[in-house]
>>> print(open('final_6.pdb').read())   # PDB, C-alpha atoms
ATOM      1  CA  MET A   1     -68.842   8.731  15.860  1.00  0.00           C
ATOM      2  CA  SER A   2     -67.121   6.804  18.579  1.00  0.00           C
ATOM      3  CA  LYS A   3     -64.235   4.563  17.550  1.00  0.00           C
ATOM      4  CA  THR A   4     -62.965   1.375  19.132  1.00  0.00           C
ATOM      5  CA  PHE A   5     -59.243   1.007  19.634  1.00  0.00           C
ATOM      6  CA  TYR A   6     -57.116  -1.911  20.650  1.00  0.00           C
ATOM      7  CA  LYS A   7     -54.018  -1.572  22.776  1.00  0.00           C
ATOM      8  CA  LYS A   8     -51.525  -4.417  22.604  1.00  0.00           C
ATOM      9  CA  THR A   9     -49.477  -4.968  25.764  1.00  0.00           C
ATOM     10  CA  SER A  10     -47.483  -7.835  27.221  1.00  0.00           C
ATOM     11  CA  GLU A  11     -50.644  -8.903  29.051  1.00  0.00           C
ATOM     12  CA  GLY A  12     -52.721  -9.189  25.897  1.00  0.00           C
ATOM     13  CA  LEU A  13     -55.217  -7.152  23.874  1.00  0.00           C
ATOM     14  CA  HIS A  14     -57.181  -4.395  25.628  1.00  0.00           C
ATOM     15  CA  LEU A  15     -60.242  -2.577  24.297  1.00  0.00           C
ATOM     16  CA  LEU A  16     -60.332   1.214  24.410  1.00  0.00           C
ATOM     17  CA  HIS A  17     -63.681   2.926  23.682  1.00  0.00           C
ATOM     18  CA  GLY A  18     -64.460   6.449  22.507  1.00  0.00           C
ATOM     19  CA  ASP A  19     -62.674   9.392  20.986  1.00  0.00           C
ATOM     20  CA  ASP A  20     -61.728  10.652  24.435  1.00  0.00           C
ATOM     21  CA  ILE A  21     -58.542   8.579  24.942  1.00  0.00           C
ATOM     22  CA  PRO A  22     -56.829   9.523  28.229  1.00  0.00           C
ATOM     23  CA  ASP A  23     -53.567  11.406  27.654  1.00  0.00           C
ATOM     24  CA  HIS A  24     -51.441   8.818  29.429  1.00  0.00           C
ATOM     25  CA  LEU A  25     -52.538   6.169  26.922  1.00  0.00           C
ATOM     26  CA  TRP A  26     -51.107   8.002  23.908  1.00  0.00           C
ATOM     27  CA  ASP A  27     -47.764   6.483  24.858  1.00  0.00           C
ATOM     28  CA  PHE A  28     -49.108   3.253  23.390  1.00  0.00           C
ATOM     29  CA  VAL A  29     -49.739   2.396  19.745  1.00  0.00           C
ATOM     30  CA  LEU A  30     -53.494   2.641  19.157  1.00  0.00           C
ATOM     31  CA  VAL A  31     -55.090   1.106  16.087  1.00  0.00           C
ATOM     32  CA  ASP A  32     -58.540   0.042  14.991  1.00  0.00           C
ATOM     33  CA  LYS A  33     -59.489  -3.626  14.973  1.00  0.00           C
ATOM     34  CA  THR A  34     -58.999  -4.206  11.224  1.00  0.00           C
ATOM     35  CA  THR A  35     -55.574  -2.598  11.250  1.00  0.00           C
ATOM     36  CA  PHE A  36     -54.621  -4.549  14.350  1.00  0.00           C
ATOM     37  CA  GLN A  37     -55.613  -7.848  12.724  1.00  0.00           C
ATOM     38  CA  GLN A  38     -53.585  -6.940   9.640  1.00  0.00           C
ATOM     39  CA  MET A  39     -50.602  -6.116  11.809  1.00  0.00           C
ATOM     40  CA  GLU A  40     -50.938  -9.396  13.660  1.00  0.00           C
ATOM     41  CA  LYS A  41     -51.080 -11.320  10.377  1.00  0.00           C
ATOM     42  CA  ALA A  42     -48.037  -9.495   9.003  1.00  0.00           C
ATOM     43  CA  ALA A  43     -46.112 -10.129  12.219  1.00  0.00           C
ATOM     44  CA  GLY A  44     -47.018 -13.801  12.056  1.00  0.00           C
ATOM     45  CA  MET A  45     -45.865 -14.040   8.445  1.00  0.00           C
ATOM     46  CA  GLN A  46     -42.627 -12.285   9.277  1.00  0.00           C
ATOM     47  CA  GLN A  47     -41.981 -14.681  12.135  1.00  0.00           C
ATOM     48  CA  HIS A  48     -42.737 -17.590   9.800  1.00  0.00           C
ATOM     49  CA  TYR A  49     -40.259 -16.382   7.180  1.00  0.00           C
ATOM     50  CA  GLU A  50     -37.599 -15.706   9.800  1.00  0.00           C
ATOM     51  CA  GLU A  51     -37.994 -19.237  11.125  1.00  0.00           C
ATOM     52  CA  LEU A  52     -37.901 -20.616   7.581  1.00  0.00           C
ATOM     53  CA  ASN A  53     -34.748 -18.624   6.868  1.00  0.00           C
ATOM     54  CA  ARG A  54     -33.068 -19.940  10.031  1.00  0.00           C
ATOM     55  CA  ASN A  55     -33.878 -23.516   9.010  1.00  0.00           C
ATOM     56  CA  LEU A  56     -32.529 -22.997   5.489  1.00  0.00           C
ATOM     57  CA  LEU A  57     -29.316 -21.501   6.858  1.00  0.00           C
ATOM     58  CA  ARG A  58     -28.951 -24.395   9.302  1.00  0.00           C
ATOM     59  CA  ILE A  59     -29.363 -26.937   6.498  1.00  0.00           C
ATOM     60  CA  ALA A  60     -26.893 -25.041   4.298  1.00  0.00           C
ATOM     61  CA  LYS A  61     -24.304 -25.033   7.096  1.00  0.00           C
ATOM     62  CA  GLU A  62     -24.706 -28.743   7.815  1.00  0.00           C
ATOM     63  CA  ARG A  63     -24.307 -29.596   4.130  1.00  0.00           C
ATOM     64  CA  ALA A  64     -21.232 -27.384   3.847  1.00  0.00           C
ATOM     65  CA  ASN A  65     -19.714 -28.979   6.938  1.00  0.00           C
ATOM     66  CA  ALA A  66     -20.340 -32.469   5.595  1.00  0.00           C
ATOM     67  CA  ASP A  67     -18.862 -31.467   2.222  1.00  0.00           C
ATOM     68  CA  ARG A  68     -15.663 -30.308   3.930  1.00  0.00           C
ATOM     69  CA  GLY A  69     -15.450 -33.177   6.393  1.00  0.00           C
ATOM     70  CA  LEU A  70     -16.079 -31.008   9.464  1.00  0.00           C
ATOM     71  CA  THR A  71     -17.541 -32.899  12.401  1.00  0.00           C
ATOM     72  CA  PRO A  72     -19.909 -32.956  14.103  1.00  0.00           C
ATOM     73  CA  LYS A  73     -21.670 -31.346  11.177  1.00  0.00           C
ATOM     74  CA  ARG A  74     -24.612 -30.050  13.204  1.00  0.00           C
ATOM     75  CA  GLU A  75     -22.606 -28.455  16.008  1.00  0.00           C
ATOM     76  CA  HIS A  76     -19.513 -27.257  14.134  1.00  0.00           C
ATOM     77  CA  SER A  77     -19.402 -23.484  13.613  1.00  0.00           C
ATOM     78  CA  GLY A  78     -18.628 -23.950   9.922  1.00  0.00           C
ATOM     79  CA  PHE A  79     -15.628 -21.605  10.074  1.00  0.00           C
ATOM     80  CA  VAL A  80     -12.030 -22.755   9.538  1.00  0.00           C
ATOM     81  CA  VAL A  81      -8.776 -20.799   9.419  1.00  0.00           C
ATOM     82  CA  LEU A  82      -7.066 -21.354   6.072  1.00  0.00           C
ATOM     83  CA  SER A  83      -3.977 -19.191   6.505  1.00  0.00           C
ATOM     84  CA  SER A  84      -2.387 -16.382   8.494  1.00  0.00           C
ATOM     85  CA  GLN A  85       0.593 -14.376   7.275  1.00  0.00           C
ATOM     86  CA  GLU A  86       2.499 -11.186   7.980  1.00  0.00           C
ATOM     87  CA  LYS A  87       1.201  -8.034   6.330  1.00  0.00           C
ATOM     88  CA  GLU A  88       2.468  -4.455   6.379  1.00  0.00           C
ATOM     89  CA  LEU A  89       0.050  -1.901   7.790  1.00  0.00           C
ATOM     90  CA  THR A  90       0.535   1.476   6.135  1.00  0.00           C
ATOM     91  CA  TYR A  91      -0.350   4.793   7.718  1.00  0.00           C
ATOM     92  CA  THR A  92       0.521   8.492   7.555  1.00  0.00           C
ATOM     93  CA  GLN A  93       2.071  10.305  10.490  1.00  0.00           C
ATOM     94  CA  SER A  94       3.154  13.968  10.387  1.00  0.00           C
ATOM     95  CA  GLY A  95       2.877  13.865   6.610  1.00  0.00           C
ATOM     96  CA  MET A  96       5.182  10.845   6.378  1.00  0.00           C
ATOM     97  CA  ARG A  97       4.109   7.491   4.976  1.00  0.00           C
ATOM     98  CA  LYS A  98       5.026   4.749   7.450  1.00  0.00           C
ATOM     99  CA  THR A  99       4.520   1.030   7.915  1.00  0.00           C
ATOM    100  CA  ALA A 100       3.948  -1.260  10.872  1.00  0.00           C
ATOM    101  CA  GLU A 101       3.930  -5.022  11.209  1.00  0.00           C
ATOM    102  CA  GLY A 102       0.505  -6.587  11.019  1.00  0.00           C
ATOM    103  CA  TRP A 103      -1.132  -9.859  10.065  1.00  0.00           C
ATOM    104  CA  GLU A 104      -3.706 -11.052   7.544  1.00  0.00           C
ATOM    105  CA  THR A 105      -5.826 -14.101   8.304  1.00  0.00           C
ATOM    106  CA  THR A 106      -8.157 -15.890   5.897  1.00  0.00           C
ATOM    107  CA  ILE A 107     -11.148 -17.745   7.319  1.00  0.00           C
ATOM    108  CA  GLN A 108     -13.308 -20.015   5.193  1.00  0.00           C
ATOM    109  CA  THR A 109     -17.029 -19.737   5.924  1.00  0.00           C
ATOM    110  CA  TRP A 110     -19.806 -22.245   5.362  1.00  0.00           C
ATOM    111  CA  PHE A 111     -21.561 -19.866   2.959  1.00  0.00           C
ATOM    112  CA  SER A 112     -21.412 -21.100  -0.621  1.00  0.00           C
ATOM    113  CA  VAL A 113     -20.659 -18.680  -3.436  1.00  0.00           C
ATOM    114  CA  ASP A 114     -24.351 -18.922  -4.360  1.00  0.00           C
ATOM    115  CA  PHE A 115     -25.037 -16.446  -1.550  1.00  0.00           C
ATOM    116  CA  THR A 116     -24.784 -12.756  -2.384  1.00  0.00           C
ATOM    117  CA  ALA A 117     -22.079 -10.520  -0.927  1.00  0.00           C
ATOM    118  CA  GLU A 118     -24.712  -8.606   1.052  1.00  0.00           C
ATOM    119  CA  GLN A 119     -26.099 -11.774   2.631  1.00  0.00           C
ATOM    120  CA  VAL A 120     -22.639 -13.005   3.540  1.00  0.00           C
ATOM    121  CA  SER A 121     -21.156  -9.796   4.930  1.00  0.00           C
ATOM    122  CA  GLU A 122     -24.030  -9.150   7.330  1.00  0.00           C
ATOM    123  CA  GLU A 123     -24.458 -12.715   8.572  1.00  0.00           C
ATOM    124  CA  VAL A 124     -20.778 -13.682   8.739  1.00  0.00           C
ATOM    125  CA  ASP A 125     -19.724 -10.547  10.607  1.00  0.00           C
ATOM    126  CA  ARG A 126     -22.557 -11.114  13.073  1.00  0.00           C
ATOM    127  CA  LEU A 127     -21.468 -14.708  13.700  1.00  0.00           C
ATOM    128  CA  LEU A 128     -17.751 -13.994  13.993  1.00  0.00           C
ATOM    129  CA  PHE A 129     -18.132 -10.990  16.261  1.00  0.00           C
ATOM    130  CA  ASP A 130     -21.152 -12.133  18.269  1.00  0.00           C
ATOM    131  CA  GLU A 131     -20.672 -10.907  21.849  1.00  0.00           C
ATOM    132  CA  ASP A 132     -21.882 -14.194  23.340  1.00  0.00           C
ATOM    133  CA  GLU A 133     -19.804 -16.513  21.162  1.00  0.00           C
ATOM    134  CA  TRP A 134     -16.917 -14.204  20.145  1.00  0.00           C
ATOM    135  CA  LEU A 135     -15.651 -16.888  17.778  1.00  0.00           C
ATOM    136  CA  ILE A 136     -12.560 -14.927  16.744  1.00  0.00           C
ATOM    137  CA  GLY A 137     -11.526 -14.870  20.396  1.00  0.00           C
ATOM    138  CA  LYS A 138     -10.717 -18.558  20.052  1.00  0.00           C
ATOM    139  CA  ILE A 139      -7.885 -17.692  17.644  1.00  0.00           C
ATOM    140  CA  GLY A 140      -6.431 -14.892  19.741  1.00  0.00           C
ATOM    141  CA  ILE A 141      -8.255 -11.781  18.515  1.00  0.00           C
ATOM    142  CA  ASP A 142      -9.700  -9.648  21.283  1.00  0.00           C
ATOM    143  CA  SER A 143     -11.079  -6.484  19.662  1.00  0.00           C
ATOM    144  CA  PHE A 144     -11.946  -4.755  16.415  1.00  0.00           C
ATOM    145  CA  TYR A 145     -11.670  -1.160  15.195  1.00  0.00           C
ATOM    146  CA  LEU A 146     -12.927  -0.889  11.647  1.00  0.00           C
ATOM    147  CA  ASP A 147     -12.022   2.761  11.021  1.00  0.00           C
ATOM    148  CA  GLY A 148      -8.536   1.549  10.098  1.00  0.00           C
ATOM    149  CA  TYR A 149      -5.115   1.326  11.686  1.00  0.00           C
ATOM    150  CA  GLU A 150      -4.194   4.944  11.027  1.00  0.00           C
ATOM    151  CA  LYS A 151      -7.182   6.291  12.978  1.00  0.00           C
ATOM    152  CA  LEU A 152      -6.644   3.743  15.727  1.00  0.00           C
ATOM    153  CA  LEU A 153      -3.178   5.182  16.383  1.00  0.00           C
ATOM    154  CA  VAL A 154      -4.597   8.619  17.206  1.00  0.00           C
ATOM    155  CA  ASP A 155      -7.861   7.595  18.877  1.00  0.00           C
ATOM    156  CA  ARG A 156      -7.142   8.035  22.575  1.00  0.00           C
ATOM    157  CA  GLU A 157     -10.395   6.414  23.638  1.00  0.00           C
ATOM    158  CA  SER A 158      -9.390   3.204  21.837  1.00  0.00           C
ATOM    159  CA  ALA A 159      -5.677   3.240  22.705  1.00  0.00           C
ATOM    160  CA  GLU A 160      -6.090   0.068  24.776  1.00  0.00           C
ATOM    161  CA  TYR A 161      -6.818  -1.854  21.578  1.00  0.00           C
ATOM    162  CA  LEU A 162      -3.189  -1.439  20.541  1.00  0.00           C
ATOM    163  CA  ASP A 163      -2.123  -3.601  23.487  1.00  0.00           C
ATOM    164  CA  GLY A 164      -4.116  -6.533  22.166  1.00  0.00           C
ATOM    165  CA  ASN A 165      -4.762  -8.183  18.824  1.00  0.00           C
ATOM    166  CA  CYS A 166      -7.188  -5.847  17.061  1.00  0.00           C
ATOM    167  CA  VAL A 167      -8.933  -6.301  13.704  1.00  0.00           C
ATOM    168  CA  VAL A 168      -8.599  -3.089  11.692  1.00  0.00           C
ATOM    169  CA  LYS A 169     -10.106  -4.239   8.389  1.00  0.00           C
ATOM    170  CA  ILE A 170     -12.498  -6.916   7.129  1.00  0.00           C
ATOM    171  CA  LYS A 171     -12.777  -8.092   3.525  1.00  0.00           C
ATOM    172  CA  HIS A 172     -15.079 -10.704   2.016  1.00  0.00           C
ATOM    173  CA  ARG A 173     -13.930 -12.853  -0.876  1.00  0.00           C
ATOM    174  CA  ALA A 174     -15.781 -15.415  -3.000  1.00  0.00           C
ATOM    175  CA  ASN A 175     -13.482 -18.357  -3.752  1.00  0.00           C
ATOM    176  CA  PHE A 176     -14.964 -20.054  -6.793  1.00  0.00           C
ATOM    177  CA  ARG A 177     -12.305 -22.756  -6.704  1.00  0.00           C
ATOM    178  CA  THR A 178     -13.492 -24.090  -3.360  1.00  0.00           C
ATOM    179  CA  GLY A 179     -17.068 -22.864  -3.744  1.00  0.00           C
ATOM    180  CA  TYR A 180     -17.179 -20.951  -0.442  1.00  0.00           C
ATOM    181  CA  TRP A 181     -16.981 -17.374   0.762  1.00  0.00           C
ATOM    182  CA  GLU A 182     -13.940 -16.354   2.784  1.00  0.00           C
ATOM    183  CA  VAL A 183     -13.392 -13.590   5.329  1.00  0.00           C
ATOM    184  CA  VAL A 184     -10.034 -11.837   5.317  1.00  0.00           C
ATOM    185  CA  LEU A 185      -9.134 -10.164   8.612  1.00  0.00           C
ATOM    186  CA  VAL A 186      -6.327  -7.627   8.847  1.00  0.00           C
ATOM    187  CA  HIS A 187      -5.157  -7.395  12.463  1.00  0.00           C
ATOM    188  CA  THR A 188      -2.331  -6.052  14.570  1.00  0.00           C
ATOM    189  CA  LYS A 189      -0.700  -9.133  16.097  1.00  0.00           C
ATOM    190  CA  GLN A 190      -0.056 -12.773  15.378  1.00  0.00           C
ATOM    191  CA  LEU A 191      -2.800 -15.306  16.095  1.00  0.00           C
ATOM    192  CA  GLY A 192      -2.723 -17.524  19.111  1.00  0.00           C
ATOM    193  CA  VAL A 193      -2.795 -21.294  18.715  1.00  0.00           C
ATOM    194  CA  VAL A 194      -5.684 -22.162  16.416  1.00  0.00           C
ATOM    195  CA  PRO A 195      -7.739 -24.941  18.057  1.00  0.00           C
ATOM    196  CA  PRO A 196      -8.182 -28.167  16.050  1.00  0.00           C
ATOM    197  CA  GLU A 197     -11.908 -27.549  15.467  1.00  0.00           C
ATOM    198  CA  LEU A 198     -11.073 -24.319  13.628  1.00  0.00           C
ATOM    199  CA  ARG A 199      -8.594 -25.964  11.279  1.00  0.00           C
ATOM    200  CA  PRO A 200      -9.482 -27.591   7.931  1.00  0.00           C
ATOM    201  CA  ALA A 201     -10.271 -31.299   8.125  1.00  0.00           C
ATOM    202  CA  LYS A 202      -7.484 -33.620   7.050  1.00  0.00           C
ATOM    203  CA  LYS A 203      -8.337 -35.633   3.960  1.00  0.00           C
TER     204      LYS A 203
END
>>> encode(input="final_6.pdb", output="structure tokens")
Amino acid sequence: MSKTFYKKTSEGLHLLHGDDIPDHLWDFVLVDKTTFQQMEKAAGMQQHYEELNRNLLRIAKERANADRGLTPKREHSGFVVLSSQEKELTYTQSGMRKTAEGWETTIQTWFSVDFTAEQVSEEVDRLLFDEDEWLIGKIGIDSFYLDGYEKLLVDRESAEYLDGNCVVKIKHRANFRTGYWEVVLVHTKQLGVVPPELRPAKK
């Protein structure tokens, strides 16, 4: 019995008739009409939930910004640098345990401690290290190498990172005193001048 298939392309929905589908069309996803309609419905629902999630996150950020006195609440990134201090970076070289001077910076996020660690780590890392925004570039960090400082020292392909200020470790911490998640960055050099919009609001 002949079957009817639908091929979805950027130009719309195309009907394909018969069991004899030309070979060159097997590069496309072919489904029957019922399956296609189910896929369309599922895709629509997914898009709806993604949009809903974006709106909820936007509202959460605006509320967090208002709570902390960050303005303008709608446009502010929601991230502020709380502290930056010297930190020893330990590594092993030729069987010897050695140390190098590094830095540890704590950034407060707009994510409340009601969010799970999984939600925070994925979303926060994406926002901080987004290639278009590169938010951490505003505080003087120009690269990241998350395999650790010890491996960075011997990785010839990434040797250039040692010339700049490179993040070698990221930690996420829930601060129940303030009610917000924090990101702790371990990096190789001191921060640049932190712009006013990335500092805590004065109360």
>>> resolve_selection(input="final_6.pdb", expression="the PyMOL selection byres ((chain A and resi 128) around 12)", output="PyMOL selection string")
chain A and resi 77-80+107-109+120-127+129-139+141-144+167+170+183-185
>>> write_last_selection(input="final_6.pdb", atoms="C-alpha atoms", output="PDB file, in the coordinates of the input")
ATOM      1  CA  SER A  77     -19.402 -23.484  13.613  1.00  0.00           C
ATOM      2  CA  GLY A  78     -18.628 -23.950   9.922  1.00  0.00           C
ATOM      3  CA  PHE A  79     -15.628 -21.605  10.074  1.00  0.00           C
ATOM      4  CA  VAL A  80     -12.030 -22.755   9.538  1.00  0.00           C
ATOM      5  CA  ILE A 107     -11.148 -17.745   7.319  1.00  0.00           C
ATOM      6  CA  GLN A 108     -13.308 -20.015   5.193  1.00  0.00           C
ATOM      7  CA  THR A 109     -17.029 -19.737   5.924  1.00  0.00           C
ATOM      8  CA  VAL A 120     -22.639 -13.005   3.540  1.00  0.00           C
ATOM      9  CA  SER A 121     -21.156  -9.796   4.930  1.00  0.00           C
ATOM     10  CA  GLU A 122     -24.030  -9.150   7.330  1.00  0.00           C
ATOM     11  CA  GLU A 123     -24.458 -12.715   8.572  1.00  0.00           C
ATOM     12  CA  VAL A 124     -20.778 -13.682   8.739  1.00  0.00           C
ATOM     13  CA  ASP A 125     -19.724 -10.547  10.607  1.00  0.00           C
ATOM     14  CA  ARG A 126     -22.557 -11.114  13.073  1.00  0.00           C
ATOM     15  CA  LEU A 127     -21.468 -14.708  13.700  1.00  0.00           C
ATOM     16  CA  PHE A 129     -18.132 -10.990  16.261  1.00  0.00           C
ATOM     17  CA  ASP A 130     -21.152 -12.133  18.269  1.00  0.00           C
ATOM     18  CA  GLU A 131     -20.672 -10.907  21.849  1.00  0.00           C
ATOM     19  CA  ASP A 132     -21.882 -14.194  23.340  1.00  0.00           C
ATOM     20  CA  GLU A 133     -19.804 -16.513  21.162  1.00  0.00           C
ATOM     21  CA  TRP A 134     -16.917 -14.204  20.145  1.00  0.00           C
ATOM     22  CA  LEU A 135     -15.651 -16.888  17.778  1.00  0.00           C
ATOM     23  CA  ILE A 136     -12.560 -14.927  16.744  1.00  0.00           C
ATOM     24  CA  GLY A 137     -11.526 -14.870  20.396  1.00  0.00           C
ATOM     25  CA  LYS A 138     -10.717 -18.558  20.052  1.00  0.00           C
ATOM     26  CA  ILE A 139      -7.885 -17.692  17.644  1.00  0.00           C
ATOM     27  CA  ILE A 141      -8.255 -11.781  18.515  1.00  0.00           C
ATOM     28  CA  ASP A 142      -9.700  -9.648  21.283  1.00  0.00           C
ATOM     29  CA  SER A 143     -11.079  -6.484  19.662  1.00  0.00           C
ATOM     30  CA  PHE A 144     -11.946  -4.755  16.415  1.00  0.00           C
ATOM     31  CA  VAL A 167      -8.933  -6.301  13.704  1.00  0.00           C
ATOM     32  CA  ILE A 170     -12.498  -6.916   7.129  1.00  0.00           C
ATOM     33  CA  VAL A 183     -13.392 -13.590   5.329  1.00  0.00           C
ATOM     34  CA  VAL A 184     -10.034 -11.837   5.317  1.00  0.00           C
ATOM     35  CA  LEU A 185      -9.134 -10.164   8.612  1.00  0.00           C
TER      36      LEU A 185
END
>>> atom_distance(input="final_6.pdb", atom1="CA of Glu62 in chain A", atom2="CA of Arg74 in chain A")
5.5 Å
>>> residues_around(input="final_6.pdb", residues="range 110-117 of chain A", least_positions_apart="4", cutoff="6 Å", atoms="all atoms listed in the file", output="VMD selection string")
chain A and resid 61 64 78 121 174 179 to 181
>>> atom_distance(input="final_6.pdb", atom1="CA of Pro196 in chain A", atom2="CA of Asp67 in chain A")
17.8 Å
>>> atom_distance(input="final_6.pdb", atom1="CA of Arg156 in chain A", atom2="CA of His187 in chain A")
18.6 Å
>>> axis_aligned_box(input="final_6.pdb", around="range 167-186 of chain A", padding_each_side="4 Å", output="AutoDock Vina command-line options")
--center_x -11.8 --center_y -13.6 --center_z 3.5 --size_x 18.9 --size_y 29.0 --size_z 28.5
>>> residues_around(input="final_6.pdb", residues="Leu162 in chain A", least_positions_apart="4", cutoff="9 Å", atoms="all atoms listed in the file", output="PyMOL selection string")
chain A and resi 152-153+158+166+188
>>> residues_around(input="final_6.pdb", residues="Lys169 in chain A", least_positions_apart="6", cutoff="7 Å", atoms="only C-alpha atoms", output="ChimeraX atom specification")
/A:146,148,185-186
>>> closest_residue(input="final_6.pdb", among="A:Gln85, A:Thr106, A:Asn53, A:Gln93", to="Pro200 in chain A", atoms="only C-alpha atoms")
A:Thr106
>>> closest_residue(input="final_6.pdb", among="A:Glu197, A:Gly192, A:Glu150, A:Thr105", to="Glu86 in chain A", atoms="all atoms listed in the file")
A:Thr105
